[in-house]
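Chemist: Below are the structure tokens for one structure; questions will follow.
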Amino acid sequence: MAESIAPFLRRCALYLLATALLLGCGDASKPAPPVAQDFLTRHWVDPLPPQGAPPTSFSALEASLSPDSCGQCHAEQFEAWRTSLHSKAVGAGLLWQLMLMNQDQGNRCLRCHAPLAEQKALLALELGWPNAPKQAPPEYVSADLAHRGLVCAACHLREHRRFGPPARGRVVSGGVAADGAHVASATSAPSPDGTDRSTNNPYAPHGGFTIAPAFQDSRFCAHCHQFPDDGPRIAGKLQEDTYQQWLASAYAQEGPGKRTCQGCHMPDRQHVWRGIHDQKMTRSALDIELQLIDLGDGRHEARGKLRNSGAGHHFPTYMVPKVEVQFVRIDARGGVHFLASHIIGWQIDTGITREIADTRLAAGETREYRQIMQAPVSGDWRVEMILRVAPAEHYERIYSDSLTRVSQFPPAVEPVLRRALREARATRYELARIVARPQSRATAAIAN
Ligand code: HEC
Ligand code: HEC
Ligand code: HEC
Ligand code: HEC
Ligand code: HEC
């Protein structure tokens with residue numbers, strides 16, 4: 001058993017290396033504004049301390065850490081978050097692995113998947129970890145909090161204080177700041193600790209909130225979407241490198257073309273976080289072009305071109321998803337002739353030790369595939385370039401591999417592992433199908 005779970009434990013140990021905050025690993029030539037950095041270092045301290053007792057003035061609704069409670073007043077954010085993968089960050093894929101881990105190992109994963117101390121305590125109880133809390137959870141901790149994944153409170157609450165981006169389009173009521181100073185409105189100057197003293201207003205729900213401009217900084221997301229420079233690498237490349245990929249892209253340059261993580265993944269502040277699992281979002285990453293060139297004597301060349309024009313990092317950014325680019329010729333009778341297939345992605349073995357291939361497209365990069373074929377000189381045939389996405393391909397391989405050894409695991413693991421595999425496979429979809437026909441000597445099908 002030790003041997004069979006080794007890849008996960010190794011991965012876990014690797015994550016362990018990666019727990020240092022990322023904030024130091026930005027582009028050294030452009031030091032980050034220290035205020036946002038100080039704030040983020042504190043905001044994302046690992047492990048997060050418990051929230052503690054809520055202010056006595058709070059109603060049960062204001063004190064509750066449950067996303068459902070936030071949703072009572074912040075319906076728009078709640079409805080969007082509910083559809084996002086952040087709300088599903090504690091699923092079968094994580095749980096079956098937690099069942100094979102001790103508390104220390106498990107907490108390394110929870111740093112990103114369910115980071116609140118209150119969530120870790122609930123999971124410790126559920127998994128029978130030895131230092132699970134003895135007393136029942138406090139009233140403001142809902143029983144299902146751990147299974148709700150990356151909840152509102154994990155990003156927005158510290159010691160029951162709300163932190164958020166500068167308010168837009170409305171003047172926030174004045175009040176008394178944490179340091180006791182009277183604040184007229186949200187536009188007052190930032191305080192030395194990097195938070196605008198905003199509306200710590202006793203008359204607003206949950207005492208108002210504290211403005212933290214760092215919520216609009218890409219480094220806010222880097223805490224979980226980027227390993228530090230000394231984190232685990234394969235073939236010299238950090239296993240999670242999204243923030244650095246973004247820094248190297250045109251989107252990170254100051255100016256009208258600048259787009260932060262939030263700019264693309266939370267458009268208009270919507271809490272949607274669409275990514276590779278979403279057809280429309282993924283389609284927006286690519287310009288796709290297919291050309292069919294008649295070379296004479298029944299020879300034709302299909303030229304497929306893909307450009308990563310819309311992802312602010314590699315397409316795809318992680319090792320997990322794979323995109324298949326398949327070329328087929330379809331004859332007049334509908335017969336399908338396979339021509340070629342290519343994979344876009346970072347292919348790593350299931351032990352996470354060895355690179356098989358890295359064919360990701362960096363931001364702005366173009367790739368062309370050429371396929372020469374013999375086809376009827378005339379007639380009603382066509383070439384199709386079909387793009388298919390397997391958003392969880394790497395996990396599909398890990399889970400199938402592990403199923404062959406499932407008899408060595410505690411019996412409770414198997415159904416969870418099977419569910420994880422089923423769910424991972426179910427995320428596959430067809431991204432696009434581009435068609436070119438041979439009517440003219442050179443036809444181009446361009447789809448954007
Ligand atoms: C009883 C209603 C109510 C509940 C419950 C509630 N909020 Fe609020 N929240 C408000 C109101 C009203 C404001 C605006 C306060 C102001 O303008 O001073 C606000 C402001 C905020 C802000 C700042 C918004 C901005 O513009 O930056 C954040 C972030 C926030 N709440 C998060 C939460 C979270 C997270 C929860 C759940 C843990 C929660 N709230 C629960 C009513 C509520
Ligand atoms: C506390 C850790 C944490 C923070 C902070 C965080 N994320 Fe995530 N994010 C995750 C985890 C864990 C997942 C995977 C959830 C799952 O599928 O189980 C995820 C998933 C995503 C996805 C979905 C990817 C896909 O496969 O389709 C996107 C997009 C995303 N995050 C963007 C962001 C952005 C933008 C920010 C900053 C505003 C951010 N995240 C902040 C942990 C975090
Ligand atoms: C640095 C933050 C971070 C840590 C630590 C982390 N993850 Fe994740 N995890 C992510 C992000 C981001 C994603 C989404 C992108 C992807 O699929 O790789 C994710 C996705 C996953 C998924 C696929 C989605 C799902 O929920 O089924 C699984 C399974 C998973 N992680 C398991 C683990 C395990 C097990 C550990 C501990 C050994 C761990 N993770 C540690 C950030 C993290
Ligand atoms: C992964 C971290 C994360 C999670 C989880 C999260 N938020 Fe946010 N939230 C943000 C960020 C980042 C912003 C600022 C985005 C921007 O300015 O582009 C924000 C903005 C807000 C705002 C201000 C919106 C506005 O239009 O001014 C509110 C209110 C809010 N969040 C409430 C919530 C609630 C309620 C939940 C849970 C249902 C939640 N958030 C979950 C990161 C998060
Ligand atoms: C210019 C828009 C843009 C910016 C900026 C951007 N993304 Fe993305 N992101 C996308 C698109 C489009 C996709 C879907 C295609 C893909 O997976 O590459 C995506 C996919 C993802 C995924 C899905 C997993 C995967 O393997 O691809 C994650 C996680 C993610 N982005 C996180 C981030 C983070 C964190 C940042 C900031 C450091 C960021 N993104 C910046 C557009 C953007």
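So you can find residues: chains in the structure tokens are A, B, ... in the order shown, residues in each start at 1, and ligands are numbered from 1 in order.
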Within 9 Å of ligand 4, which residues show up when you count only C-alpha atoms and all ligand atoms? List them as a VMD selection string, please.

Modeler: chain A and resid 66 to 82 86 to 87 149 to 156 163 to 169 213 to 218 220 to 221 260 to 263 265 to 271 273

Chemist: Mind writing the picked residues with N, CA and C atoms as a compact mmCIF listing (two decimals), in the first residue's frame?

Modeler:
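Here's the written file result.txt:
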```txt
# COMPACT_ATOMS: atom_id res chain seq x y z
N SER A 66 -20.81 30.41 6.62
CA SER A 66 -21.37 29.64 5.52
C SER A 66 -21.59 30.52 4.29
N PRO A 67 -21.24 30.02 3.12
CA PRO A 67 -21.52 30.78 1.90
C PRO A 67 -23.01 31.06 1.72
N ASP A 68 -23.85 30.16 2.23
CA ASP A 68 -25.30 30.40 2.13
C ASP A 68 -25.69 31.67 2.87
N SER A 69 -25.02 31.92 4.02
CA SER A 69 -25.33 33.14 4.79
C SER A 69 -24.89 34.37 4.02
N CYS A 70 -23.69 34.36 3.48
CA CYS A 70 -23.23 35.51 2.68
C CYS A 70 -24.24 35.74 1.55
N GLY A 71 -24.71 34.61 0.97
CA GLY A 71 -25.60 34.68 -0.17
C GLY A 71 -26.94 35.33 0.15
N GLN A 72 -27.33 35.35 1.42
CA GLN A 72 -28.57 36.02 1.80
C GLN A 72 -28.54 37.50 1.40
N CYS A 73 -27.37 38.10 1.51
CA CYS A 73 -27.25 39.52 1.17
C CYS A 73 -26.47 39.75 -0.12
N HIS A 74 -25.55 38.86 -0.44
CA HIS A 74 -24.74 39.01 -1.66
C HIS A 74 -25.17 37.94 -2.66
N ALA A 75 -26.40 38.03 -3.12
CA ALA A 75 -26.98 36.97 -3.95
C ALA A 75 -26.22 36.80 -5.27
N GLU A 76 -25.80 37.90 -5.86
CA GLU A 76 -25.16 37.83 -7.17
C GLU A 76 -23.84 37.05 -7.09
N GLN A 77 -23.01 37.38 -6.09
CA GLN A 77 -21.74 36.68 -5.94
C GLN A 77 -21.99 35.21 -5.62
N PHE A 78 -22.99 34.97 -4.78
CA PHE A 78 -23.27 33.59 -4.37
C PHE A 78 -23.71 32.74 -5.56
N GLU A 79 -24.63 33.27 -6.37
CA GLU A 79 -25.12 32.49 -7.52
C GLU A 79 -23.99 32.17 -8.49
N ALA A 80 -23.09 33.13 -8.70
CA ALA A 80 -21.98 32.89 -9.62
C ALA A 80 -20.99 31.89 -9.01
N TRP A 81 -20.63 32.12 -7.77
CA TRP A 81 -19.65 31.25 -7.09
C TRP A 81 -20.12 29.80 -7.11
N ARG A 82 -21.43 29.60 -6.90
CA ARG A 82 -22.00 28.26 -6.84
C ARG A 82 -21.72 27.45 -8.11
N HIS A 86 -14.35 26.78 -7.82
CA HIS A 86 -13.93 27.08 -6.44
C HIS A 86 -14.93 26.49 -5.44
N SER A 87 -16.19 26.44 -5.80
CA SER A 87 -17.19 25.89 -4.87
C SER A 87 -17.14 24.36 -4.84
N GLY A 149 -15.81 23.71 -0.20
CA GLY A 149 -14.63 24.07 -0.98
C GLY A 149 -14.08 25.44 -0.64
N LEU A 150 -13.68 26.17 -1.67
CA LEU A 150 -13.10 27.49 -1.47
C LEU A 150 -14.24 28.49 -1.27
N VAL A 151 -14.58 28.71 -0.01
CA VAL A 151 -15.77 29.50 0.34
C VAL A 151 -15.45 30.99 0.38
N CYS A 152 -16.50 31.80 0.40
CA CYS A 152 -16.36 33.26 0.45
C CYS A 152 -15.42 33.68 1.57
N ALA A 153 -15.65 33.08 2.75
CA ALA A 153 -14.92 33.51 3.94
C ALA A 153 -13.41 33.28 3.78
N ALA A 154 -13.02 32.26 3.03
CA ALA A 154 -11.58 31.97 2.87
C ALA A 154 -10.88 33.13 2.16
N CYS A 155 -11.54 33.75 1.23
CA CYS A 155 -10.93 34.88 0.53
C CYS A 155 -11.21 36.22 1.22
N HIS A 156 -12.34 36.33 1.91
CA HIS A 156 -12.78 37.66 2.36
C HIS A 156 -12.73 37.91 3.87
N PHE A 163 -12.85 41.83 4.20
CA PHE A 163 -11.93 42.56 3.34
C PHE A 163 -12.43 42.45 1.91
N GLY A 164 -12.30 43.52 1.16
CA GLY A 164 -12.76 43.46 -0.22
C GLY A 164 -12.11 44.55 -1.04
N PRO A 165 -12.37 44.54 -2.36
CA PRO A 165 -11.79 45.56 -3.23
C PRO A 165 -12.46 46.90 -2.98
N PRO A 166 -11.84 47.97 -3.46
CA PRO A 166 -12.51 49.27 -3.33
C PRO A 166 -13.92 49.20 -3.91
N ALA A 167 -14.87 49.77 -3.22
CA ALA A 167 -16.25 49.75 -3.71
C ALA A 167 -16.32 50.56 -4.99
N ARG A 168 -17.23 50.17 -5.90
CA ARG A 168 -17.36 50.96 -7.12
C ARG A 168 -18.77 51.51 -7.24
N GLY A 169 -18.81 52.66 -7.83
CA GLY A 169 -20.08 53.23 -8.20
C GLY A 169 -20.98 53.61 -7.04
N PRO A 213 -6.86 47.00 -1.71
CA PRO A 213 -6.66 47.05 -3.16
C PRO A 213 -6.02 45.77 -3.70
N ALA A 214 -5.34 45.01 -2.86
CA ALA A 214 -4.67 43.77 -3.31
C ALA A 214 -5.66 42.76 -3.89
N PHE A 215 -6.95 42.92 -3.62
CA PHE A 215 -7.93 42.01 -4.23
C PHE A 215 -7.94 42.14 -5.75
N GLN A 216 -7.38 43.23 -6.25
CA GLN A 216 -7.40 43.42 -7.71
C GLN A 216 -6.05 43.12 -8.33
N ASP A 217 -5.16 42.55 -7.54
CA ASP A 217 -3.80 42.27 -7.98
C ASP A 217 -3.71 40.78 -8.35
N SER A 218 -2.99 40.47 -9.43
CA SER A 218 -2.85 39.06 -9.83
C SER A 218 -2.20 38.23 -8.73
N PHE A 220 -2.93 38.13 -5.74
CA PHE A 220 -3.95 37.58 -4.85
C PHE A 220 -4.23 36.12 -5.22
N CYS A 221 -4.27 35.83 -6.51
CA CYS A 221 -4.56 34.48 -7.00
C CYS A 221 -3.31 33.60 -6.95
N THR A 260 -5.40 41.57 -15.70
CA THR A 260 -5.04 40.76 -14.54
C THR A 260 -5.78 39.42 -14.62
N CYS A 261 -5.46 38.51 -13.71
CA CYS A 261 -6.22 37.25 -13.60
C CYS A 261 -7.70 37.58 -13.44
N GLN A 262 -7.97 38.54 -12.54
CA GLN A 262 -9.36 38.90 -12.27
C GLN A 262 -10.03 39.46 -13.52
N GLY A 263 -9.27 40.25 -14.30
CA GLY A 263 -9.81 40.88 -15.50
C GLY A 263 -10.40 39.86 -16.46
N HIS A 265 -10.86 36.33 -15.53
CA HIS A 265 -11.59 35.25 -14.86
C HIS A 265 -12.72 35.73 -13.96
N MET A 266 -12.75 37.05 -13.68
CA MET A 266 -13.85 37.63 -12.91
C MET A 266 -14.32 38.88 -13.63
N PRO A 267 -14.74 38.75 -14.90
CA PRO A 267 -15.08 39.95 -15.66
C PRO A 267 -16.19 40.72 -14.94
N ASP A 268 -15.99 42.02 -14.82
CA ASP A 268 -16.98 42.84 -14.15
C ASP A 268 -17.21 42.34 -12.70
N ARG A 269 -16.17 41.80 -12.12
CA ARG A 269 -16.19 41.29 -10.74
C ARG A 269 -17.09 40.07 -10.54
N GLN A 270 -17.53 39.46 -11.63
CA GLN A 270 -18.36 38.26 -11.46
C GLN A 270 -17.53 37.11 -10.90
N HIS A 271 -18.12 36.37 -9.96
CA HIS A 271 -17.39 35.29 -9.28
C HIS A 271 -17.52 33.97 -10.04
N TRP A 273 -14.99 32.49 -12.45
CA TRP A 273 -13.75 31.74 -12.59
C TRP A 273 -13.85 30.61 -13.62
```

Chemist: I'd like a table as CSV: residues in chain A with an atom no more than 7 Å from ligand 3, each row giving the shortest atom pair and its distance in Å to one decimal, only C-alpha atoms and all ligand atoms counted, sorted by chain and rising residue number.

Modeler:
```
residue,atom,partner,partner_atom_place_in_ligand_line,distance
A:Phe8,CA,ligand 3,38 (C),6.0
A:Leu9,CA,ligand 3,38 (C),6.7
A:Arg11,CA,ligand 3,38 (C),5.5
A:Cys12,CA,ligand 3,38 (C),3.7
A:Tyr15,CA,ligand 3,5 (C),5.3
A:Lys88,CA,ligand 3,26 (O),6.4
A:Ala89,CA,ligand 3,26 (O),4.6
A:Val90,CA,ligand 3,26 (O),5.7
A:Gly91,CA,ligand 3,26 (O),5.0
A:Ala92,CA,ligand 3,27 (O),6.2
A:Gly93,CA,ligand 3,29 (C),3.8
A:Leu94,CA,ligand 3,29 (C),4.2
A:Gln97,CA,ligand 3,35 (C),5.3
A:Leu98,CA,ligand 3,35 (C),6.4
A:Gln105,CA,ligand 3,38 (C),6.9
A:Gly106,CA,ligand 3,37 (C),6.3
A:Arg108,CA,ligand 3,5 (C),5.5
A:Cys109,CA,ligand 3,37 (C),3.4
A:Leu110,CA,ligand 3,41 (C),6.6
A:Arg111,CA,ligand 3,5 (C),5.7
A:Cys112,CA,ligand 3,2 (C),4.4
A:His113,CA,ligand 3,7 (N),6.2
A:His223,CA,ligand 3,1 (C),6.7
A:Cys224,CA,ligand 3,2 (C),4.0
A:His225,CA,ligand 3,12 (C),5.0
A:Gln226,CA,ligand 3,1 (C),6.4
A:Phe227,CA,ligand 3,1 (C),6.3
A:Tyr318,CA,ligand 3,18 (O),5.8
A:Met319,CA,ligand 3,18 (O),6.9
A:Val320,CA,ligand 3,18 (O),5.4
A:Ala392,CA,ligand 3,17 (O),6.4
A:Tyr395,CA,ligand 3,29 (C),6.8
A:Ala420,CA,ligand 3,27 (O),6.8
```

Chemist: Take the residues from that selection and put them in a file with C-alpha atoms, as an mmCIF file, in the first residue's frame.

Modeler:
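Full text of out12.cif as output:
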```cif
data_model
loop_
_atom_site.group_PDB
_atom_site.id
_atom_site.type_symbol
_atom_site.label_atom_id
_atom_site.label_comp_id
_atom_site.auth_asym_id
_atom_site.auth_seq_id
_atom_site.Cartn_x
_atom_site.Cartn_y
_atom_site.Cartn_z
ATOM 1 C CA PHE A 8 0.363 11.053 -3.949
ATOM 2 C CA LEU A 9 2.513 11.228 -0.900
ATOM 3 C CA ARG A 11 3.180 14.934 -4.620
ATOM 4 C CA CYS A 12 2.123 15.929 -1.173
ATOM 5 C CA TYR A 15 3.498 20.565 -2.180
ATOM 6 C CA LYS A 88 -16.291 22.303 -5.827
ATOM 7 C CA ALA A 89 -12.703 22.304 -4.586
ATOM 8 C CA VAL A 90 -13.498 19.527 -2.092
ATOM 9 C CA GLY A 91 -14.731 16.760 -4.366
ATOM 10 C CA ALA A 92 -14.216 13.038 -4.756
ATOM 11 C CA GLY A 93 -10.835 13.588 -6.465
ATOM 12 C CA LEU A 94 -9.422 15.251 -3.374
ATOM 13 C CA GLN A 97 -6.548 10.974 -1.532
ATOM 14 C CA LEU A 98 -7.174 12.629 1.854
ATOM 15 C CA GLN A 105 -0.108 15.630 4.627
ATOM 16 C CA GLY A 106 -3.795 16.409 4.221
ATOM 17 C CA ARG A 108 -0.908 20.646 2.810
ATOM 18 C CA CYS A 109 -3.609 20.056 0.236
ATOM 19 C CA LEU A 110 -6.259 21.928 2.194
ATOM 20 C CA ARG A 111 -4.162 25.095 2.159
ATOM 21 C CA CYS A 112 -5.579 25.628 -1.340
ATOM 22 C CA HIS A 113 -8.691 23.432 -1.432
ATOM 23 C CA HIS A 223 -1.102 32.189 -3.527
ATOM 24 C CA CYS A 224 -2.778 29.051 -4.883
ATOM 25 C CA HIS A 225 -2.016 29.200 -8.608
ATOM 26 C CA GLN A 226 1.777 29.562 -8.507
ATOM 27 C CA PHE A 227 4.521 27.642 -6.754
ATOM 28 C CA TYR A 318 -1.228 23.156 -15.975
ATOM 29 C CA MET A 319 -0.181 19.575 -16.622
ATOM 30 C CA VAL A 320 -3.711 18.337 -15.983
ATOM 31 C CA ALA A 392 -8.742 16.373 -16.153
ATOM 32 C CA TYR A 395 -6.169 12.771 -13.094
ATOM 33 C CA ALA A 420 -13.623 10.643 -8.929
#
```

Chemist: DSSP on the backbone, helix (DSSP H, G or I) only: what residues of stretch 404-437 of chain A does that give? Format it as a list in words.

Modeler: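 Of stretch 404-437 of chain A, the ones in helix (DSSP H, G or I) are Val406, Ser407, Gln408, Val413, Glu414, Pro415, Val416, Leu417, Arg418, Arg419, Ala420, Leu421, Arg422, Glu423, Ala424 and Arg425 of chain A.
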
Chemist: Write the selection just made, keeping C-alpha atoms, as an mmCIF file, in the first residue's frame?

Modeler:
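To be explicit, this is the file written out as out.cif:
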```cif
data_model
loop_
_atom_site.group_PDB
_atom_site.id
_atom_site.type_symbol
_atom_site.label_atom_id
_atom_site.label_comp_id
_atom_site.auth_asym_id
_atom_site.auth_seq_id
_atom_site.Cartn_x
_atom_site.Cartn_y
_atom_site.Cartn_z
ATOM 1 C CA VAL A 406 -7.559 -0.548 -4.981
ATOM 2 C CA SER A 407 -7.567 -3.818 -3.021
ATOM 3 C CA GLN A 408 -4.621 -2.456 -1.044
ATOM 4 C CA VAL A 413 -11.741 4.460 -0.590
ATOM 5 C CA GLU A 414 -12.948 2.511 -3.618
ATOM 6 C CA PRO A 415 -16.384 4.073 -4.155
ATOM 7 C CA VAL A 416 -14.912 7.568 -3.769
ATOM 8 C CA LEU A 417 -12.110 6.785 -6.205
ATOM 9 C CA ARG A 418 -14.578 5.359 -8.720
ATOM 10 C CA ARG A 419 -16.718 8.469 -8.433
ATOM 11 C CA ALA A 420 -13.623 10.643 -8.929
ATOM 12 C CA LEU A 421 -12.753 8.769 -12.130
ATOM 13 C CA ARG A 422 -16.307 8.969 -13.423
ATOM 14 C CA GLU A 423 -16.481 12.693 -12.733
ATOM 15 C CA ALA A 424 -13.070 13.373 -14.258
ATOM 16 C CA ARG A 425 -14.023 11.556 -17.484
#
```

Chemist: Check which residues of chain A sit at most 6 Å from ligand 5 using only C-alpha atoms and all ligand atoms, and return one row each with the closest pair of atoms and their distance in Å to one decimal, ordered by chain and rising number, as a Markdown table.

Modeler:
```
| residue | atom | partner | partner_atom_place_in_ligand_line | distance |
| --- | --- | --- | --- | --- |
| A:Ser218 | CA | ligand 5 | 37 (C) | 5.3 |
| A:Cys221 | CA | ligand 5 | 35 (C) | 5.2 |
| A:Ala222 | CA | ligand 5 | 35 (C) | 5.8 |
| A:His225 | CA | ligand 5 | 35 (C) | 5.1 |
| A:Thr242 | CA | ligand 5 | 38 (C) | 5.3 |
| A:Tyr243 | CA | ligand 5 | 38 (C) | 3.7 |
| A:Trp246 | CA | ligand 5 | 38 (C) | 5.2 |
| A:Tyr251 | CA | ligand 5 | 5 (C) | 5.9 |
| A:Arg259 | CA | ligand 5 | 5 (C) | 4.8 |
| A:Thr260 | CA | ligand 5 | 5 (C) | 4.8 |
| A:Cys261 | CA | ligand 5 | 37 (C) | 3.5 |
| A:Cys264 | CA | ligand 5 | 2 (C) | 4.4 |
| A:Gly275 | CA | ligand 5 | 20 (C) | 4.0 |
| A:Ile276 | CA | ligand 5 | 17 (O) | 4.0 |
| A:Met281 | CA | ligand 5 | 12 (C) | 5.1 |
| A:Thr282 | CA | ligand 5 | 14 (C) | 3.9 |
| A:Ser284 | CA | ligand 5 | 12 (C) | 5.3 |
| A:Ala285 | CA | ligand 5 | 12 (C) | 4.0 |
| A:Gly310 | CA | ligand 5 | 1 (C) | 5.0 |
| A:Ala311 | CA | ligand 5 | 42 (C) | 3.6 |
| A:Gly312 | CA | ligand 5 | 4 (C) | 3.6 |
| A:His314 | CA | ligand 5 | 18 (O) | 5.9 |
| A:Phe315 | CA | ligand 5 | 18 (O) | 3.7 |
| A:Pro316 | CA | ligand 5 | 18 (O) | 3.7 |
| A:Thr317 | CA | ligand 5 | 26 (O) | 4.0 |
| A:Tyr318 | CA | ligand 5 | 26 (O) | 3.9 |
| A:Pro321 | CA | ligand 5 | 26 (O) | 5.6 |
```

Chemist: Save the residues we just selected, N, CA and C atoms, as an mmCIF file, in the first residue's frame?

Modeler:
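Everything below was put into selection_38.cif:
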```cif
data_model
loop_
_atom_site.group_PDB
_atom_site.id
_atom_site.type_symbol
_atom_site.label_atom_id
_atom_site.label_comp_id
_atom_site.auth_asym_id
_atom_site.auth_seq_id
_atom_site.Cartn_x
_atom_site.Cartn_y
_atom_site.Cartn_z
ATOM 1 N N SER A 218 -2.992 40.467 -9.431
ATOM 2 C CA SER A 218 -2.853 39.056 -9.829
ATOM 3 C C SER A 218 -2.199 38.226 -8.731
ATOM 4 N N CYS A 221 -4.271 35.831 -6.507
ATOM 5 C CA CYS A 221 -4.559 34.479 -7.001
ATOM 6 C C CYS A 221 -3.312 33.598 -6.948
ATOM 7 N N ALA A 222 -2.141 34.234 -7.036
ATOM 8 C CA ALA A 222 -0.890 33.475 -7.099
ATOM 9 C C ALA A 222 -0.695 32.597 -5.861
ATOM 10 N N HIS A 225 -2.198 29.562 -7.200
ATOM 11 C CA HIS A 225 -2.016 29.200 -8.608
ATOM 12 C C HIS A 225 -0.575 29.356 -9.085
ATOM 13 N N THR A 242 1.495 29.517 -13.205
ATOM 14 C CA THR A 242 0.570 30.376 -13.939
ATOM 15 C C THR A 242 0.894 31.864 -13.794
ATOM 16 N N TYR A 243 1.228 32.279 -12.572
ATOM 17 C CA TYR A 243 1.489 33.708 -12.365
ATOM 18 C C TYR A 243 2.731 34.154 -13.148
ATOM 19 N N TRP A 246 2.010 34.410 -16.737
ATOM 20 C CA TRP A 246 1.275 35.657 -16.968
ATOM 21 C C TRP A 246 2.233 36.845 -16.971
ATOM 22 N N TYR A 251 0.029 40.600 -21.360
ATOM 23 C CA TYR A 251 -1.066 41.035 -20.489
ATOM 24 C C TYR A 251 -0.579 41.654 -19.179
ATOM 25 N N ARG A 259 -4.171 42.976 -18.540
ATOM 26 C CA ARG A 259 -5.304 42.218 -18.015
ATOM 27 C C ARG A 259 -4.815 41.379 -16.849
ATOM 28 N N THR A 260 -5.397 41.570 -15.697
ATOM 29 C CA THR A 260 -5.039 40.758 -14.536
ATOM 30 C C THR A 260 -5.777 39.420 -14.620
ATOM 31 N N CYS A 261 -5.459 38.506 -13.706
ATOM 32 C CA CYS A 261 -6.215 37.252 -13.603
ATOM 33 C C CYS A 261 -7.695 37.577 -13.438
ATOM 34 N N CYS A 264 -9.770 38.682 -16.591
ATOM 35 C CA CYS A 264 -10.275 37.644 -17.497
ATOM 36 C C CYS A 264 -11.177 36.639 -16.779
ATOM 37 N N GLY A 275 -12.688 28.421 -16.724
ATOM 38 C CA GLY A 275 -11.355 28.064 -17.217
ATOM 39 C C GLY A 275 -11.468 26.961 -18.243
ATOM 40 N N ILE A 276 -10.531 26.041 -18.217
ATOM 41 C CA ILE A 276 -10.434 24.994 -19.238
ATOM 42 C C ILE A 276 -11.651 24.066 -19.229
ATOM 43 N N MET A 281 -15.247 29.663 -22.592
ATOM 44 C CA MET A 281 -14.019 30.316 -22.092
ATOM 45 C C MET A 281 -12.800 29.793 -22.842
ATOM 46 N N THR A 282 -12.741 28.486 -23.016
ATOM 47 C CA THR A 282 -11.573 27.883 -23.661
ATOM 48 C C THR A 282 -11.520 28.266 -25.144
ATOM 49 N N SER A 284 -12.377 31.012 -26.308
ATOM 50 C CA SER A 284 -11.906 32.396 -26.382
ATOM 51 C C SER A 284 -10.382 32.482 -26.276
ATOM 52 N N ALA A 285 -9.745 31.366 -25.942
ATOM 53 C CA ALA A 285 -8.278 31.374 -25.847
ATOM 54 C C ALA A 285 -7.622 31.287 -27.217
ATOM 55 N N GLY A 310 -5.900 34.363 -26.444
ATOM 56 C CA GLY A 310 -6.809 34.841 -25.392
ATOM 57 C C GLY A 310 -6.557 34.305 -24.001
ATOM 58 N N ALA A 311 -5.569 33.430 -23.808
ATOM 59 C CA ALA A 311 -5.238 33.003 -22.443
ATOM 60 C C ALA A 311 -4.013 33.794 -21.995
ATOM 61 N N GLY A 312 -4.041 34.284 -20.795
ATOM 62 C CA GLY A 312 -2.959 35.135 -20.297
ATOM 63 C C GLY A 312 -1.814 34.326 -19.723
ATOM 64 N N HIS A 314 0.189 29.977 -20.449
ATOM 65 C CA HIS A 314 0.237 28.873 -21.408
ATOM 66 C C HIS A 314 -1.173 28.321 -21.640
ATOM 67 N N PHE A 315 -1.365 27.780 -22.831
ATOM 68 C CA PHE A 315 -2.602 27.063 -23.145
ATOM 69 C C PHE A 315 -2.271 25.590 -23.243
ATOM 70 N N PRO A 316 -2.728 24.741 -22.310
ATOM 71 C CA PRO A 316 -3.291 25.117 -21.018
ATOM 72 C C PRO A 316 -2.171 25.378 -20.014
ATOM 73 N N THR A 317 -2.526 25.991 -18.892
ATOM 74 C CA THR A 317 -1.454 26.409 -17.977
ATOM 75 C C THR A 317 -0.866 25.244 -17.190
ATOM 76 N N TYR A 318 -1.709 24.255 -16.826
ATOM 77 C CA TYR A 318 -1.228 23.156 -15.975
ATOM 78 C C TYR A 318 -0.969 21.877 -16.746
ATOM 79 N N PRO A 321 -4.881 19.296 -17.957
ATOM 80 C CA PRO A 321 -5.718 19.166 -19.161
ATOM 81 C C PRO A 321 -4.911 18.781 -20.396
#
```

Chemist: One decimal, Å: what's the distance from atom 29 (C, counted along the ligand's line) of ligand 2 over to atom CA of A:Ala390, could you say?

Modeler: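 A separation of 15.6 Å between them.
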
Chemist: Could you give me, as a PyMOL selection string, each residue of stretch 188-398 of chain A that DSSP assigns to strand (DSSP E) when run on this structure's backbone?

Modeler: chain A and resi 210-211+233-234+237-238+286-296+299-308+322-330+336-344+346-348+355-358+366-374+382-390

Chemist: Using only C-alpha atoms and all ligand atoms for the distances, tell me which of A:Gly298, A:Gly236, A:Pro205, A:Gly364 is nearest to ligand 1.

Modeler: A:Pro205

Chemist: Pick from A:Pro410, A:Pro391, A:Gly345, A:Pro54: nearest to ligand 2, with only C-alpha atoms and all ligand atoms counted?

Modeler: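 Of A:Pro410, A:Pro391, A:Gly345, A:Pro54, the one nearest ligand 2, counting only C-alpha atoms and all ligand atoms, is A:Pro391.
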
Chemist: Excluding A:Gly52 and residues on its chain fewer than 5 positions from it, collect all residues at most 10 Å away from it, counting only C-alpha atoms, and give them as JSON, numbers by chain.

Modeler: {"A": [118, 138, 158, 159, 160]}

Chemist: Pick out the residues sitting within 12 Å of A:Ile288, and hand them over as JSON, numbers by chain; count only C-alpha atoms, and ignore anything fewer than 3 positions along from it in its own chain.

Modeler: {"A": [283, 284, 285, 291, 303, 304, 305, 306, 307, 308, 309, 310, 325, 366, 367, 368, 369, 385, 386, 387, 431, 432, 433, 434, 435, 444, 445, 446, 447, 448]}
